[in-house]
Structures are given as structure tokens and as C-alpha cells.
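S.K.: If it helps, the file is called entry29.txt and holds compact mmCIF, C-alpha atoms:
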# COMPACT_ATOMS: atom_id res chain seq x y z
CA MET A 1 67.37 131.57 42.24
CA LYS A 2 66.41 131.45 45.75
CA LYS A 3 68.95 130.51 48.31
CA LEU A 4 67.88 127.63 50.35
CA LYS A 5 68.62 127.80 53.99
CA LYS A 6 69.93 124.64 55.38
CA SER A 7 67.98 123.88 58.48
CA ILE A 8 69.46 121.83 61.26
CA SER A 9 67.45 118.75 61.92
CA ILE A 10 66.21 117.83 65.36
CA LYS A 11 68.42 114.73 65.26
CA ASP A 12 71.55 116.88 64.81
CA LYS A 13 70.47 119.21 67.63
CA ILE A 14 69.99 116.29 70.02
CA ILE A 15 73.36 114.73 69.09
CA SER A 16 75.23 118.04 69.56
CA CYS A 17 73.48 118.65 72.90
CA VAL A 18 74.32 115.13 74.15
CA VAL A 19 77.97 115.49 73.05
CA ALA A 20 78.26 118.86 74.85
CA VAL A 21 76.75 117.40 78.03
CA LEU A 22 79.06 114.36 77.87
CA ILE A 23 82.15 116.59 77.45
CA CYS A 24 81.11 118.77 80.40
CA LEU A 25 80.33 115.71 82.49
CA GLY A 26 83.72 114.17 81.60
CA ILE A 27 85.55 117.35 82.65
CA VAL A 28 83.65 117.61 85.95
CA ILE A 29 84.19 113.93 86.83
CA THR A 30 87.91 114.22 85.97
CA LEU A 31 88.30 117.25 88.26
CA ILE A 32 86.45 115.51 91.11
CA MET A 33 88.60 112.37 90.74
CA ALA A 34 91.84 114.40 90.61
CA ALA A 35 90.93 116.27 93.81
CA ALA A 36 89.93 113.01 95.55
CA ASN A 37 93.16 111.34 94.40
CA PHE A 38 95.33 114.07 95.92
CA SER A 39 93.48 113.73 99.21
CA VAL A 40 93.67 109.92 99.27
CA VAL A 41 97.35 109.82 98.27
CA ASN A 42 98.22 112.40 100.92
CA THR A 43 96.43 110.45 103.64
CA THR A 44 97.84 107.11 102.49
CA MET A 45 101.39 108.46 102.34
CA LEU A 46 101.13 109.92 105.84
CA ASP A 47 99.77 106.65 107.19
CA ALA A 48 102.58 104.68 105.52
CA MET A 49 105.42 107.10 106.25
CA GLN A 50 104.99 107.29 110.03
CA PRO A 51 105.67 103.58 110.68
CA MET A 52 108.48 103.59 108.11
CA ALA A 53 110.14 106.55 109.86
CA ARG A 54 109.82 104.79 113.22
CA VAL A 55 111.38 101.59 111.83
CA ALA A 56 114.19 103.58 110.20
CA SER A 57 115.01 105.39 113.45
CA GLN A 58 115.02 102.10 115.35
CA ASN A 59 117.34 100.64 112.72
CA ILE A 60 119.74 103.56 113.07
CA SER A 61 119.64 103.22 116.85
CA SER A 62 120.35 99.51 116.59
CA ASN A 63 123.24 100.06 114.20
CA LEU A 64 124.80 102.68 116.51
CA HIS A 65 124.45 100.35 119.47
CA GLN A 66 126.08 97.52 117.53
CA LEU A 67 128.89 99.84 116.40
CA SER A 68 129.59 100.94 119.97
CA GLU A 69 129.69 97.32 121.14
CA GLN A 70 132.11 96.40 118.37
CA MET A 71 134.35 99.36 119.16
CA TYR A 72 134.37 98.38 122.83
CA ARG A 73 135.27 94.76 121.98
CA ILE A 74 138.11 95.94 119.74
CA SER A 75 139.48 98.31 122.37
CA ALA A 76 139.34 95.65 125.09
CA ASP A 77 141.03 92.93 123.03
CA SER A 78 144.20 91.71 124.74
CA VAL A 79 146.11 91.46 121.43
CA LEU A 80 145.60 95.19 120.87
CA THR A 81 146.37 96.26 124.42
CA ASP A 82 149.49 94.07 124.64
CA SER A 83 150.78 95.27 121.27
CA LEU A 84 150.20 98.90 122.24
CA MET A 85 152.04 98.39 125.51
CA THR A 86 155.05 96.85 123.78
CA GLY A 87 154.96 99.40 120.94
CA ASP A 88 154.67 96.73 118.22
CA LYS A 89 153.10 98.86 115.48
CA GLU A 90 153.05 96.03 112.92
CA ALA A 91 151.01 93.81 115.21
CA VAL A 92 148.60 96.68 115.88
CA LYS A 93 148.31 97.42 112.16
CA GLN A 94 147.64 93.73 111.41
CA PHE A 95 145.08 93.58 114.22
CA LEU A 96 143.25 96.65 112.88
CA SER A 97 143.33 95.28 109.34
CA ASP A 98 141.83 91.98 110.48
CA ARG A 99 139.06 93.73 112.44
CA GLU A 100 138.34 96.10 109.56
CA ASN A 101 137.71 93.19 107.20
CA GLU A 102 135.84 91.18 109.81
CA ILE A 103 133.40 93.92 110.79
CA GLU A 104 133.31 95.76 107.44
CA PHE A 105 134.62 99.10 108.65
CA VAL A 106 135.66 101.60 106.01
CA TRP A 107 138.76 102.44 108.01
CA LEU A 108 140.17 101.94 111.49
CA GLY A 109 142.80 103.94 113.27
CA ILE A 110 144.18 104.71 116.69
CA TYR A 111 144.65 108.38 117.53
CA HIS A 112 146.56 110.38 120.11
CA VAL A 113 144.62 112.52 122.57
CA ASP A 114 145.40 115.63 120.49
CA GLY A 115 143.62 114.06 117.48
CA SER A 116 146.66 113.13 115.40
CA ILE A 117 146.93 109.58 114.08
CA TYR A 118 149.07 107.06 115.94
CA ILE A 119 148.51 104.15 113.58
CA GLY A 120 145.85 103.22 111.07
CA ASP A 121 145.22 101.99 107.58
CA ASP A 122 145.67 104.03 104.41
CA ASN A 123 142.09 105.32 104.40
CA ALA A 124 142.20 106.66 107.97
CA PRO A 125 142.32 110.46 108.17
CA SER A 126 145.58 111.93 109.42
CA GLN A 127 143.82 113.89 112.14
CA ILE A 128 140.43 114.05 113.81
CA LYS A 129 140.81 117.26 115.78
CA ASN A 130 137.50 118.73 114.64
Just give me the structure as C-alpha cells.
M.R.:
Amino acid sequence: MKKLKKSISIKDKIISCVVAVLICLGIVITLIMAAANFSVVNTTMLDAMQPMARVASQNISSNLHQLSEQMYRISADSVLTDSLMTGDKEAVKQFLSDRENEIEFVWLGIYHVDGSIYIGDDNAPSQIKN
């Protein structure tokens, strides 16, 4: 018996050629879109991050200014200065506790010039020499 060769029809050749072209086209378009995406995301992030960084730095500056004003008001309060002059540590401790809750400080304390604590709440460090 003769072996019959199976010939590929023109229809099958066209379908396989179209599928190969579509796969190649899909890969090329995916690579182009990925490269464009990286470029667009990079540009967009830089455009968005610069104003956000400026706003964040202004917020930090504002918070530091507010903190310094609050510290000045606390230090100039007559209740604190009078209690320190008379040596009434309980009144000073109560004053600091009230201000800590009012202004939402983590801790408040009064320190000697050498950095050791004079009076403060339980969370205040025992020294601030460094």
C-alpha cells in the first residue's frame, strides 16, 4: 500500500499564519503599552509628589510653630511661675498634668539647667542631657 501524504490545506495555512501574526502583534503591543505605562506613571507621580511634599513641609512648619507658641504660653502662665517660686511641686505637677491633657502632649516636664528632671509626669525622661 502506498502511504498517503497528508497535505496541509490552504485554509489551514492561512489560519496558522493569522494566529502567528496575532500572537506577535499582541506581544509587541503589550511591550509598547508597558513601556508607555512606566513613563506615564513616573511623570504623573513626580507631578503629584512635588505639591504633596510642599504641603507636608508646610504642615510640619505649622505644627512646630504651634508647638512653640503652646510651650511659650505654658512657660509664661502665672500659675506655673508662682508655684515654682513658692516650691509647690504638687501645684506644678497638677498644672503640667492639666496642660498635657489639654494640648495632647505625650509628656511634660520641667528640667534643671544640667538636664536632670525637676518635676514631670511618669512618662517624662529622667534626663535630657543629650
S.K.: Quick one: pull the distance between CA of Lys129 in chain A and CA of Asp114 in chain A, Å, one decimal.
M.R.: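 Interatomic distance, CA of Lys129 in chain A to CA of Asp114 in chain A: 6.8 Å.
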S.K.: Taking all atoms listed in the file into account, name the residue in A:Val40, A:Leu96, A:Leu84, A:Ala35 that is nearest to Met71 in chain A.
M.R.: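 Between A:Val40, A:Leu96, A:Leu84, A:Ala35, the residue approaching Met71 in chain A most closely is A:Leu96.
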S.K.: Record the distance separating CA of Asp88 in chain A and CA of Glu104 in chain A, expressed in Å with one decimal.
M.R.: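 It comes out at 23.9 Å.
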S.K.: Please, what distance in Å, to one decimal, runs between CA of Asn101 in chain A and CA of Tyr118 in chain A?
M.R.: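 Separation of CA of Asn101 in chain A and CA of Tyr118 in chain A: 19.9 Å.
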S.K.: Hey, which of A:Ser7, A:Phe95, A:Ser16, A:Leu108 ends up closest to Asp82 in chain A? Count only C-alpha atoms.
M.R.: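 Of A:Ser7, A:Phe95, A:Ser16, A:Leu108, the one nearest Asp82 in chain A is A:Phe95, counting only C-alpha atoms.
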S.K.: Fewer than 3 positions away in the same chain doesn't count, so skip those; otherwise give me all residues within 7 Å of Ile110 in chain A, counting only C-alpha atoms, as a PyMOL selection string.
M.R.: chain A and resi 117-120
S.K.: Got time to write the residues from that selection, C-alpha atoms, as a PDB file, in the coordinates of the input?
M.R.:
ATOM      1  CA  ILE A 117     146.930 109.580 114.080  1.00  0.00           C
ATOM      2  CA  TYR A 118     149.070 107.060 115.940  1.00  0.00           C
ATOM      3  CA  ILE A 119     148.510 104.150 113.580  1.00  0.00           C
ATOM      4  CA  GLY A 120     145.850 103.220 111.070  1.00  0.00           C
TER       5      GLY A 120
END
S.K.: Kindly add all heavy atoms to the incomplete range 46-57 of chain A and provide the output as an mmCIF file, in the coordinates of the input.
M.R.:
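Produced file out-v4.cif, reproduced below:
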data_model
loop_
_atom_site.group_PDB
_atom_site.id
_atom_site.type_symbol
_atom_site.label_atom_id
_atom_site.label_comp_id
_atom_site.auth_asym_id
_atom_site.auth_seq_id
_atom_site.Cartn_x
_atom_site.Cartn_y
_atom_site.Cartn_z
ATOM 1 N N LEU A 46 100.889 109.614 104.433
ATOM 2 C CA LEU A 46 101.130 109.920 105.840
ATOM 3 C C LEU A 46 100.979 108.680 106.709
ATOM 4 O O LEU A 46 101.768 108.448 107.624
ATOM 5 C CB LEU A 46 100.178 111.016 106.320
ATOM 6 C CG LEU A 46 100.540 112.432 105.898
ATOM 7 C CD1 LEU A 46 99.448 113.404 106.321
ATOM 8 C CD2 LEU A 46 101.871 112.857 106.493
ATOM 9 N N ASP A 47 99.974 107.875 106.416
ATOM 10 C CA ASP A 47 99.770 106.650 107.190
ATOM 11 C C ASP A 47 100.918 105.657 106.996
ATOM 12 O O ASP A 47 101.280 104.924 107.907
ATOM 13 C CB ASP A 47 98.456 105.977 106.806
ATOM 14 C CG ASP A 47 97.244 106.768 107.282
ATOM 15 O OD1 ASP A 47 97.417 107.654 108.130
ATOM 16 O OD2 ASP A 47 96.127 106.488 106.786
ATOM 17 N N ALA A 48 101.494 105.625 105.801
ATOM 18 C CA ALA A 48 102.580 104.680 105.520
ATOM 19 C C ALA A 48 103.930 105.215 105.995
ATOM 20 O O ALA A 48 104.793 104.441 106.406
ATOM 21 C CB ALA A 48 102.638 104.386 104.027
ATOM 22 N N MET A 49 104.117 106.526 105.935
ATOM 23 C CA MET A 49 105.420 107.100 106.250
ATOM 24 C C MET A 49 105.733 107.094 107.749
ATOM 25 O O MET A 49 106.886 106.961 108.141
ATOM 26 C CB MET A 49 105.520 108.534 105.719
ATOM 27 C CG MET A 49 105.548 108.622 104.208
ATOM 28 S SD MET A 49 106.960 107.806 103.494
ATOM 29 C CE MET A 49 108.218 109.011 103.749
ATOM 30 N N GLN A 50 104.729 107.249 108.589
ATOM 31 C CA GLN A 50 104.990 107.290 110.030
ATOM 32 C C GLN A 50 105.580 105.979 110.547
ATOM 33 O O GLN A 50 106.605 106.010 111.249
ATOM 34 C CB GLN A 50 103.710 107.661 110.777
ATOM 35 C CG GLN A 50 103.339 109.118 110.595
ATOM 36 C CD GLN A 50 101.989 109.471 111.189
ATOM 37 O OE1 GLN A 50 101.199 108.591 111.503
ATOM 38 N NE2 GLN A 50 101.723 110.758 111.325
ATOM 39 N N PRO A 51 105.019 104.817 110.222
ATOM 40 C CA PRO A 51 105.670 103.580 110.680
ATOM 41 C C PRO A 51 107.032 103.367 110.034
ATOM 42 O O PRO A 51 107.952 102.846 110.678
ATOM 43 C CB PRO A 51 104.698 102.471 110.254
ATOM 44 C CG PRO A 51 103.404 103.124 109.971
ATOM 45 C CD PRO A 51 103.708 104.533 109.620
ATOM 46 N N MET A 52 107.179 103.764 108.769
ATOM 47 C CA MET A 52 108.480 103.590 108.110
ATOM 48 C C MET A 52 109.539 104.459 108.772
ATOM 49 O O MET A 52 110.681 104.023 108.946
ATOM 50 C CB MET A 52 108.353 103.942 106.617
ATOM 51 C CG MET A 52 107.650 102.854 105.828
ATOM 52 S SD MET A 52 107.288 103.248 104.100
ATOM 53 C CE MET A 52 108.685 104.105 103.525
ATOM 54 N N ALA A 53 109.181 105.677 109.168
ATOM 55 C CA ALA A 53 110.140 106.550 109.860
ATOM 56 C C ALA A 53 110.512 105.971 111.217
ATOM 57 O O ALA A 53 111.674 106.033 111.626
ATOM 58 C CB ALA A 53 109.547 107.945 110.007
ATOM 59 N N ARG A 54 109.537 105.393 111.913
ATOM 60 C CA ARG A 54 109.820 104.790 113.220
ATOM 61 C C ARG A 54 110.762 103.596 113.063
ATOM 62 O O ARG A 54 111.727 103.447 113.816
ATOM 63 C CB ARG A 54 108.504 104.368 113.888
ATOM 64 C CG ARG A 54 108.677 103.841 115.277
ATOM 65 C CD ARG A 54 107.367 103.557 116.017
ATOM 66 N NE ARG A 54 106.260 103.078 115.222
ATOM 67 C CZ ARG A 54 105.208 103.812 114.849
ATOM 68 N NH1 ARG A 54 105.154 105.096 115.190
ATOM 69 N NH2 ARG A 54 104.233 103.288 114.139
ATOM 70 N N VAL A 55 110.517 102.765 112.070
ATOM 71 C CA VAL A 55 111.380 101.590 111.830
ATOM 72 C C VAL A 55 112.783 102.050 111.439
ATOM 73 O O VAL A 55 113.781 101.479 111.901
ATOM 74 C CB VAL A 55 110.760 100.683 110.746
ATOM 75 C CG1 VAL A 55 111.752 99.646 110.270
ATOM 76 C CG2 VAL A 55 109.518 100.014 111.281
ATOM 77 N N ALA A 56 112.875 103.089 110.607
ATOM 78 C CA ALA A 56 114.190 103.580 110.200
ATOM 79 C C ALA A 56 114.970 104.134 111.389
ATOM 80 O O ALA A 56 116.171 103.880 111.519
ATOM 81 C CB ALA A 56 114.032 104.656 109.123
ATOM 82 N N SER A 57 114.303 104.859 112.274
ATOM 83 C CA SER A 57 115.010 105.390 113.450
ATOM 84 C C SER A 57 115.450 104.277 114.388
ATOM 85 O O SER A 57 116.526 104.336 114.976
ATOM 86 C CB SER A 57 114.146 106.412 114.179
ATOM 87 O OG SER A 57 113.028 105.784 114.758
#
